[in-house]
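S.K.: run-v6.tsv is the file, holding TSV, C-alpha atoms and all ligand atoms:
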chain	number	residue	atom	x	y	z
A	11	MET	CA	17.86	91.12	47.58
A	12	ALA	CA	15.73	89.12	45.18
A	13	ARG	CA	15.49	90.22	41.55
A	14	HIS	CA	12.29	92.12	40.83
A	15	PHE	CA	9.86	91.18	38.03
A	16	ASP	CA	9.32	94.37	36.05
A	17	GLY	CA	7.91	93.08	32.77
A	18	ASN	CA	4.23	92.72	31.95
A	19	LYS	CA	4.19	89.22	30.42
A	20	LEU	CA	4.97	86.02	32.24
A	21	VAL	CA	5.06	82.43	31.00
A	22	ILE	CA	3.45	79.86	33.30
A	23	ALA	CA	5.78	76.90	32.82
A	24	SER	CA	3.14	74.18	33.13
A	25	HIS	CA	0.96	72.00	30.95
A	26	ASN	CA	-1.33	71.25	33.92
A	27	LYS	CA	-4.61	73.16	33.35
A	28	GLY	CA	-5.56	73.13	37.07
A	29	LYS	CA	-2.26	74.70	38.06
A	30	VAL	CA	-2.26	77.24	35.22
A	31	ARG	CA	-5.76	78.35	36.27
A	32	GLU	CA	-4.82	78.69	39.97
A	33	ILE	CA	-1.60	80.59	39.20
A	34	GLY	CA	-3.45	82.94	36.82
A	35	GLU	CA	-6.02	83.63	39.58
A	36	LEU	CA	-3.31	84.27	42.16
A	37	LEU	CA	-1.45	86.72	39.85
A	38	GLU	CA	-4.57	88.56	38.65
A	39	PRO	CA	-4.37	91.34	41.26
A	40	PHE	CA	-0.88	92.28	40.01
A	41	GLY	CA	-1.99	93.01	36.46
A	42	VAL	CA	0.46	90.52	34.98
A	43	GLU	CA	-0.46	89.03	31.62
A	44	THR	CA	0.16	85.27	31.69
A	45	ILE	CA	0.57	82.75	28.90
A	46	SER	CA	1.05	79.04	29.50
A	47	ALA	CA	3.83	76.78	28.22
A	48	GLY	CA	1.03	74.65	26.73
A	49	ASP	CA	-0.34	77.61	24.72
A	50	LEU	CA	3.18	78.38	23.46
A	51	ASP	CA	3.67	74.71	22.61
A	52	LEU	CA	6.92	74.60	24.57
A	53	PRO	CA	8.46	71.15	25.06
A	54	GLU	CA	8.15	69.62	28.56
A	55	PRO	CA	11.61	69.12	30.09
A	56	VAL	CA	12.56	65.92	31.92
A	57	GLU	CA	11.87	66.48	35.64
A	58	ASP	CA	14.74	64.52	37.12
A	59	GLY	CA	15.40	66.67	40.19
A	60	LEU	CA	15.20	65.06	43.62
A	61	THR	CA	13.41	67.94	45.37
A	62	PHE	CA	10.39	70.11	44.59
A	63	ILE	CA	12.66	73.15	44.19
A	64	ALA	CA	15.06	71.32	41.86
A	65	ASN	CA	12.16	70.34	39.59
A	66	ALA	CA	10.61	73.83	39.68
A	67	GLU	CA	13.98	75.26	38.62
A	68	ILE	CA	14.31	72.78	35.72
A	69	LYS	CA	10.85	73.72	34.40
A	70	ALA	CA	11.14	77.50	34.90
A	71	LEU	CA	14.58	77.75	33.31
A	72	ALA	CA	13.63	75.60	30.30
A	73	ALA	CA	10.53	77.74	29.64
A	74	ALA	CA	12.31	81.09	30.15
A	75	LYS	CA	15.06	80.13	27.73
A	76	ALA	CA	12.68	78.68	25.13
A	77	ALA	CA	10.23	81.62	25.27
A	78	GLY	CA	12.76	84.43	25.82
A	79	LEU	CA	10.51	85.71	28.62
A	80	PRO	CA	10.50	85.38	32.42
A	81	ALA	CA	8.80	82.11	33.40
A	82	LEU	CA	7.20	80.85	36.58
A	83	ALA	CA	7.10	77.14	37.42
A	84	ASP	CA	5.32	75.31	40.21
A	85	ASP	CA	6.42	71.88	41.38
A	86	SER	CA	4.19	70.49	44.03
A	87	GLY	CA	2.81	67.35	45.55
A	88	LEU	CA	1.30	65.48	48.43
A	89	GLU	CA	3.53	64.12	51.21
A	90	VAL	CA	1.94	61.41	53.35
A	91	HIS	CA	3.70	61.18	56.70
A	92	ALA	CA	3.07	57.47	57.39
A	93	LEU	CA	4.40	56.68	53.89
A	94	GLY	CA	7.72	58.45	54.51
A	95	GLY	CA	6.67	61.43	52.39
A	96	GLU	CA	5.36	59.48	49.39
A	97	PRO	CA	4.11	60.20	46.75
A	98	GLY	CA	6.03	63.52	47.14
A	99	ILE	CA	7.80	64.63	43.97
A	100	TYR	CA	6.18	61.66	42.21
A	101	SER	CA	2.59	62.84	42.96
A	102	ALA	CA	1.69	63.37	39.29
A	103	ARG	CA	3.22	60.03	38.26
A	104	TRP	CA	1.08	58.06	40.73
A	105	ALA	CA	-1.91	58.99	38.54
A	106	GLY	CA	-0.45	56.94	35.68
A	107	PRO	CA	-0.37	57.75	31.97
A	108	THR	CA	-4.09	58.64	31.88
A	109	LYS	CA	-3.51	61.21	34.69
A	110	ASP	CA	-6.46	59.79	36.59
A	111	PHE	CA	-6.17	61.09	40.15
A	112	SER	CA	-8.89	58.81	41.48
A	113	VAL	CA	-6.36	56.02	40.76
A	114	ALA	CA	-3.62	57.93	42.64
A	115	MET	CA	-5.89	58.65	45.63
A	116	ALA	CA	-7.00	54.99	45.79
A	117	ALA	CA	-3.33	53.92	45.72
A	118	VAL	CA	-2.50	56.25	48.63
A	119	ASN	CA	-5.51	54.97	50.59
A	120	GLU	CA	-4.61	51.35	49.93
A	121	LYS	CA	-0.97	51.84	50.96
A	122	LEU	CA	-2.09	53.54	54.18
A	123	GLY	CA	-4.41	50.64	55.05
A	124	ASN	CA	-5.51	50.91	58.68
A	125	VAL	CA	-2.57	53.05	59.80
A	126	GLU	CA	-3.75	55.48	62.47
A	127	ASP	CA	-1.55	58.41	61.40
A	128	ARG	CA	-3.45	60.03	58.50
A	129	GLY	CA	-1.24	63.16	58.57
A	130	ALA	CA	-0.16	64.70	55.27
A	131	ASN	CA	0.92	67.98	53.75
A	132	PHE	CA	1.00	69.56	50.35
A	133	THR	CA	4.25	71.29	49.38
A	134	CYS	CA	4.60	73.85	46.62
A	135	ALA	CA	7.90	75.11	45.20
A	136	LEU	CA	7.77	78.15	42.94
A	137	THR	CA	10.65	79.30	40.76
A	138	LEU	CA	10.74	82.51	38.76
A	139	ALA	CA	13.45	82.28	36.08
A	140	TRP	CA	14.72	84.82	33.56
A	141	PRO	CA	16.13	84.03	30.09
A	142	ASP	CA	19.64	84.99	31.34
A	143	GLY	CA	19.53	82.08	33.82
A	144	HIS	CA	18.81	84.03	37.02
A	145	MET	CA	16.32	82.26	39.34
A	146	GLU	CA	14.41	82.98	42.55
A	147	SER	CA	12.78	80.04	44.39
A	148	PHE	CA	10.26	79.81	47.25
A	149	GLU	CA	8.50	76.96	49.11
A	150	GLY	CA	5.15	76.78	50.94
A	151	LYS	CA	3.36	73.99	52.83
A	152	VAL	CA	-0.12	73.29	54.18
A	153	PHE	CA	-0.74	70.55	56.77
A	154	GLY	CA	-3.80	68.38	57.27
A	155	SER	CA	-5.05	64.81	57.19
A	156	LEU	CA	-6.33	62.34	54.63
A	157	THR	CA	-9.93	61.19	54.47
A	158	TRP	CA	-11.61	58.38	52.55
A	159	PRO	CA	-13.76	58.15	50.42
A	160	MET	CA	-13.09	61.19	48.22
A	161	ARG	CA	-15.31	64.22	48.80
A	162	GLY	CA	-15.99	67.25	46.56
A	163	GLU	CA	-15.77	68.24	42.93
A	164	LYS	CA	-13.75	71.46	43.02
A	165	GLY	CA	-9.98	71.88	42.78
A	166	PHE	CA	-7.77	69.22	41.18
A	167	GLY	CA	-5.35	66.38	41.89
A	168	TYR	CA	-5.51	65.04	45.45
A	169	ASP	CA	-7.89	67.78	46.71
A	170	PRO	CA	-10.85	65.37	47.35
A	171	VAL	CA	-8.95	63.45	50.09
A	172	PHE	CA	-7.12	66.32	51.84
A	173	VAL	CA	-8.71	68.00	54.87
A	174	PRO	CA	-6.63	70.99	56.04
A	175	THR	CA	-6.00	71.28	59.78
A	176	GLY	CA	-8.81	73.14	61.55
A	177	PHE	CA	-11.44	72.34	58.87
A	178	ASP	CA	-14.03	69.57	58.32
A	179	VAL	CA	-14.17	69.91	54.54
A	180	THR	CA	-11.71	68.74	51.88
A	181	PHE	CA	-9.95	71.17	49.54
A	182	ALA	CA	-12.30	69.89	46.80
A	183	GLU	CA	-15.36	70.95	48.85
A	184	MET	CA	-14.06	74.50	49.40
A	185	GLU	CA	-14.66	77.51	47.20
A	186	PRO	CA	-11.47	78.27	45.22
A	187	ALA	CA	-11.02	81.59	47.07
A	188	GLU	CA	-11.04	79.76	50.41
A	189	LYS	CA	-8.41	77.27	49.23
A	190	HIS	CA	-6.31	80.10	47.75
A	191	ALA	CA	-6.29	81.87	51.11
A	192	MET	CA	-4.51	79.02	52.89
A	193	SER	CA	-2.95	76.57	50.45
A	194	HIS	CA	0.70	75.57	50.03
A	195	ARG	CA	0.58	77.46	46.70
A	196	ALA	CA	-0.80	80.58	48.43
A	197	GLU	CA	1.98	80.38	51.03
A	198	ALA	CA	4.71	80.10	48.36
A	199	PHE	CA	3.01	82.88	46.38
A	200	LYS	CA	3.06	85.24	49.36
A	201	GLN	CA	6.83	84.82	49.53
A	202	LEU	CA	7.23	85.26	45.75
A	203	ILE	CA	5.03	88.38	45.64
A	204	ASP	CA	6.78	90.00	48.61
A	205	ALA	CA	10.23	89.33	47.13
A	206	CYS	CA	9.71	89.86	43.38
A	207	PHE	CA	6.44	91.70	42.62
A	208	LYS	CA	5.79	94.29	45.33
A	209	PRO	CA	7.36	97.73	44.82
A	210	ALA	CA	10.61	97.92	46.86
A	301	LIG	P1	3.87	68.35	39.19
A	301	LIG	O1	4.30	69.43	40.14
A	301	LIG	O2	3.32	68.92	37.92
A	301	LIG	O3	4.93	67.33	39.00
A	301	LIG	O4	2.62	67.60	39.79
A	301	LIG	C1	2.20	67.78	41.10
A	301	LIG	C2	0.97	66.96	41.39
A	301	LIG	O5	0.73	67.10	42.80
A	301	LIG	C3	-0.26	67.46	40.71
A	301	LIG	O6	-0.52	66.87	39.50
A	301	LIG	C4	-1.34	67.13	41.75
A	301	LIG	O7	-1.77	65.83	41.62
A	301	LIG	C5	-0.63	67.23	43.06
A	301	LIG	N1	-0.94	68.55	43.61
A	301	LIG	C6	-0.16	69.64	43.63
A	301	LIG	N2	-0.83	70.70	44.15
A	301	LIG	C7	-2.05	70.24	44.44
A	301	LIG	C8	-3.21	70.88	44.98
A	301	LIG	O8	-3.28	72.07	45.27
A	301	LIG	N3	-4.28	70.08	45.14
A	301	LIG	C9	-4.28	68.77	44.81
A	301	LIG	N4	-3.25	68.14	44.29
A	301	LIG	C10	-2.13	68.88	44.11
Could you take the file, read its structure, and then write that structure out as structure tokens?
Ligand code: IMP
M.R.:
Amino acid sequence: MARHFDGNKLVIASHNKGKVREIGELLEPFGVETISAGDLDLPEPVEDGLTFIANAEIKALAAAKAAGLPALADDSGLEVHALGGEPGIYSARWAGPTKDFSVAMAAVNEKLGNVEDRGANFTCALTLAWPDGHMESFEGKVFGSLTWPMRGEKGFGYDPVFVPTGFDVTFAEMEPAEKHAMSHRAEAFKQLIDACFKPA
């Protein structure tokens, strides 16, 4: 049995505005008040885990302990099948110090070259941690293919080059609600909500 969240305030353990916004939107129906690690000025821990879940646990635990409140962290990224899963857990780093994702998307496209297999997936690991060190972790994925050039202005990160299976539009061309209904983050959230937020 997973531990249930029964407070009313939750720290979003991220300094990424796009993620904080999406997580806030996904939690809205549950009446949970959220505050971000950025707003609390919490330090960013070193993400030296080798899996999405390991990194989500590092971030959630650090924020829960520093804030003295339950904290939710998301570690996510794009896995390109013909590149052996790269950029994977290094998805944010491929954007460089200026966090310019057009640079990261161009790097992916260049590395792929003329390879026929354009298959990719996003993965999202979510960890809910409590100040006493207890953690619950979940993982969701969404599969699709990469397109070039970039298309769309919505979303964030690699959204302009990712076309989910069964669609013609990129995540960045979709309305946020449409992306939220099918994304890797939505999938991980479903698991988190069922285990930790819904009344038993
Ligand atoms: P981190 O989890 O903060 O280390 O960074 C994950 C990176 O993966 C983000 O900065 C994005 O570039 C990328 N990413 C994760 N989720 C999404 C998404 O829903 N759309 C587009 N890019 C994403």
S.K.: Work out how far apart CA of Phe62 (chain A) and CA of Cys134 (chain A) are and give it in Å to one decimal.
M.R.: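 Separation of CA of Phe62 (chain A) and CA of Cys134 (chain A): 7.2 Å.
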S.K.: Find, counting only C-alpha atoms, the residue in A:Phe132, A:Phe40, A:Tyr100, A:Phe207 that gets nearest to Phe172 (chain A).
M.R.: A:Phe132
S.K.: Restricting the calculation to only C-alpha atoms: of A:Arg195, A:His25, A:His14, A:Lys164, which residue gets closest to Ala73 (chain A)?
M.R.: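 Result for the nearest residue to Ala73 (chain A): A:His25.
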S.K.: Show me which residues are within 9 Å of ligand LIG 301 (chain A) counting all atoms listed in the file, and format the list as JSON, numbers by chain.
M.R.: {"A": [24, 25, 26, 28, 29, 32, 57, 62, 65, 66, 83, 84, 85, 86, 87, 88, 97, 98, 99, 100, 101, 102, 103, 104, 105, 109, 111, 114, 132, 133, 134, 135, 165, 166, 167, 168, 169, 170, 171, 172, 181, 182, 189, 190, 193, 194, 195]}
S.K.: Select, from A:Ile45, A:Val21, A:Leu37, A:Val125, the residue with the minimum atom-to-atom distance to Lys75 (chain A), counting only C-alpha atoms.
M.R.: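 Selected residue with least distance to Lys75 (chain A): A:Val21.
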S.K.: Would you mind reading off the distance between CA of Glu149 (chain A) and CA of Ala198 (chain A), one decimal, in Å?
M.R.: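 Distance reported for this atom pair: 5.0 Å.
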